[in-house]
Amino acid sequence: MPVRAAIAFAPATVANVGPGFDVFGFAIDGPGDVVELRRTPRPGVRIAWILGDGGRLPRAASRNVASAVVLKMLRAAAVPFGADLVLRKGLPLGSGMGSSSASAVAAALAANALLDGRFSDRDLLGFARHGERVACGAAHADNVAPCLFGGFTLVRGEPPEVDRIAVPPRWHVAVVHPGIELPTRRARAAVPEKVSVAAMTANVGAAAALIAAMHRRDIASAGRALMADAVVEPARAGLIPGYAAVRRAALAAGAAGASISGAGPSMFALTDGRAGAKMAAAAMAAAWKREGVDAELFVGRMGAPGARLIQEGR
Ligand code: HSE
């Protein structure tokens with residue numbers, strides 16, 4: 001009997017991780033988006049409900065990230081049926097926590113269940129990237145890969161090759177989201193199109209040092225490496241009010257390093273253990289509060305499990 005309904009969850013992610021622009025990313029525990037699909041005899045995708053977006057996401061099937069992914073998959077599979085979609089946004093929009101990726105990946109997993117699992121993980125990554133293109137015009141894979149596969153991932157090339165990098169078990173992160181929205185499209189426009197050889201060398205060195213530090217379980221070195229981005233973080237820091245103060249607060253609270261989460265404005269800090277992450281999160285939120293900005297806090301392991309199917313019904 002075919003699957004008639006499916007519900008999938010996809011977690012928040014932190015992309016870039018300092019010098020790894022469009023390359024590094026990891027999943028975090030807790031917050032995420034849920035997509036529910038129900039098979040319908042009529043072809044096409046209808047958005048039945050979107051909850052948690054304050055009415056701000058597009059309701060047209062081809063312009064909404066989640067429904068655009070499902071549409072593309074149903075068309076690629078050339079099936080004679082369609083789907084009704086419910087999207088429950090657990091992630092704030094334009095937050096730098098991989099909100100559009102979580103919608104895209106949850107949609108891809110739920111749609112694949114309706115299609116009896118005919119698409120491979122690699123195919124799902126491609127469909128989820130289509131969602132990123134709908135959201136911000138660029139099909140970058142550094143959020144969708146960790147969102148789908150979990151852990152800490154490195155993506156490169158076209159089509160992307162994905163490597164999973166083992167994260168030392170004690171490494172945790174504080175992710176702090178200020179009550180400010182920064183559209184990814186705008187944050188990407190701030191990234192320089194050309195960089196000097198000196199900046200390129202600095203970023204290649206820092207990115208390689210971060211991976212080497214993960215292998216050695218050397219959190220101090222990882223913290224220095226993730227703060228050594230010579231290209232993107234300097235170009236974007238000015239888009240985030242209070243950026244320098246919040247980063248200083250994280251380091252003063254004992255974090256090994258802190259930087260922008262994805263395209264921002266959220267920031268993350270790396271710590272040894274959960275208690276340290278809680279302290280860093282509180283210090284970062286307090287620094288934002290002094291700037292007149294309220295913030296939401298998340299604390300979890302660096303590299304949590306990826307998206308999962310919650311339920312399917314036949
Ligand atoms: N790598 C992307 C960027 C992540 O920084 O623009 C955005 O979600």
# chains A, B, ... in the order shown; residues from 1 in each chain; ligands from 1

call {"tool": "residues_near_ligand", "arguments": {"ligand": "ligand 1", "cutoff": "6 Å", "atoms": "only C-alpha atoms and all ligand atoms", "output": "MDAnalysis selection string"}}
result
chainID A and resid 15:16 21:22 96 98 142 184 188 262:263

call {"tool": "select_by_dssp", "arguments": {"residues": "stretch 241-303 of chain A", "states": "helix (DSSP H, G or I)", "output": "list of chain:residue names"}}
result
A:Tyr243, A:Ala244, A:Ala245, A:Val246, A:Arg247, A:Arg248, A:Ala249, A:Ala250, A:Leu251, A:Ala252, A:Arg274, A:Ala275, A:Gly276, A:Ala277, A:Lys278, A:Met279, A:Ala280, A:Ala281, A:Ala282, A:Ala283, A:Met284, A:Ala285, A:Ala286, A:Ala287, A:Trp288, A:Lys289, A:Arg290

call {"tool": "residues_around", "arguments": {"residues": "stretch 72-88 of chain A", "least_positions_apart": "5", "cutoff": "10 Å", "atoms": "only C-alpha atoms", "output": "JSON, numbers by chain"}}
result
{"A": [4, 5, 6, 7, 8, 9, 32, 33, 34, 35, 36, 37, 38, 39, 40, 41, 42, 43, 44, 45, 46, 47, 48, 49, 50, 51, 52, 53, 61, 62, 66, 67, 103, 106, 107, 108, 110, 111, 112, 114, 115, 118, 119, 123, 124, 127, 128, 130, 131]}

call {"tool": "residues_around", "arguments": {"residues": "A:Ala285", "least_positions_apart": "2", "cutoff": "12 Å", "atoms": "only C-alpha atoms", "output": "PyMOL selection string"}}
result
chain A and resi 174-179+242-243+245-250+253+266-269+278-283+287-298

call {"tool": "atom_distance", "arguments": {"atom1": "atom CA of A:Leu270", "atom2": "atom CA of A:Ala222"}}
result
8.6 Å

call {"tool": "closest_residue", "arguments": {"among": "A:Ala190, A:Ala68, A:Val105, A:Ala255", "to": "A:Val144", "atoms": "only C-alpha atoms"}}
result
A:Val105

call {"tool": "select_by_dssp", "arguments": {"residues": "stretch 1-63 of chain A", "states": "strand (DSSP E)", "output": "ChimeraX atom specification"}}
result
/A:5-15,24-40,45-51

call {"tool": "closest_residue", "arguments": {"among": "A:Val134, A:Met1, A:Leu125, A:Val191", "to": "A:Val155", "atoms": "only C-alpha atoms"}}
result
A:Leu125

call {"tool": "residues_around", "arguments": {"residues": "A:Arg185", "least_positions_apart": "3", "cutoff": "8 Å", "atoms": "only C-alpha atoms", "output": "list of chain:residue names"}}
result
A:Cys136, A:Gly137, A:Arg188, A:Ala189

call {"tool": "residues_around", "arguments": {"residues": "A:Gly300", "least_positions_apart": "4", "cutoff": "7 Å", "atoms": "only C-alpha atoms", "output": "number ranges by chain"}}
result
A: 28-29, 172-174, 274

call {"tool": "write_last_selection", "arguments": {"atoms": "C-alpha atoms", "output": "PDB file, in the first residue's frame"}}
result
ATOM      1  CA  ILE A  28      22.355  21.709  16.206  1.00  0.00           C
ATOM      2  CA  ASP A  29      19.987  19.952  18.617  1.00  0.00           C
ATOM      3  CA  HIS A 172      29.176  22.360  22.289  1.00  0.00           C
ATOM      4  CA  VAL A 173      27.909  25.592  20.842  1.00  0.00           C
ATOM      5  CA  ALA A 174      25.869  28.537  21.993  1.00  0.00           C
ATOM      6  CA  ARG A 274      27.308  22.196  27.748  1.00  0.00           C
TER       7      ARG A 274
END

call {"tool": "atom_distance", "arguments": {"atom1": "atom CA of A:Val23", "atom2": "atom CA of A:Val231"}}
result
13.8 Å

call {"tool": "closest_residue", "arguments": {"among": "A:Gly126, A:Gly94, A:Pro19, A:Pro58", "to": "A:Thr201", "atoms": "only C-alpha atoms"}}
result
A:Pro19

call {"tool": "closest_residue", "arguments": {"among": "A:Ala102, A:Leu71, A:Ala275, A:Val167", "to": "A:Asn143", "atoms": "only C-alpha atoms"}}
result
A:Ala102

call {"tool": "atom_distance", "arguments": {"atom1": "atom CA of A:Ile165", "atom2": "atom CA of A:Ser120"}}
result
21.0 Å

call {"tool": "closest_residue", "arguments": {"among": "A:Ile240, A:Leu109, A:Leu148, A:Met200", "to": "A:Glu181", "atoms": "only C-alpha atoms"}}
result
A:Ile240

call {"tool": "closest_residue", "arguments": {"among": "A:Leu226, A:Pro169, A:Ser101, A:Ala237", "to": "A:Pro146", "atoms": "only C-alpha atoms"}}
result
A:Ser101

call {"tool": "residues_around", "arguments": {"residues": "A:Gly18", "least_positions_apart": "2", "cutoff": "7 Å", "atoms": "only C-alpha atoms", "output": "PDB file with C-alpha atoms, in the first residue's frame"}}
result
ATOM      1  CA  ASN A  16      30.403  28.801   7.295  1.00  0.00           C
ATOM      2  CA  GLY A  20      34.523  27.939   5.577  1.00  0.00           C
ATOM      3  CA  LEU A 226      37.219  29.915  13.336  1.00  0.00           C
ATOM      4  CA  MET A 227      37.967  33.535  14.190  1.00  0.00           C
ATOM      5  CA  ALA A 228      40.594  33.890  11.451  1.00  0.00           C
ATOM      6  CA  ASP A 229      38.216  34.486   8.524  1.00  0.00           C
ATOM      7  CA  SER A 259      31.669  34.117  14.871  1.00  0.00           C
TER       8      SER A 259
END
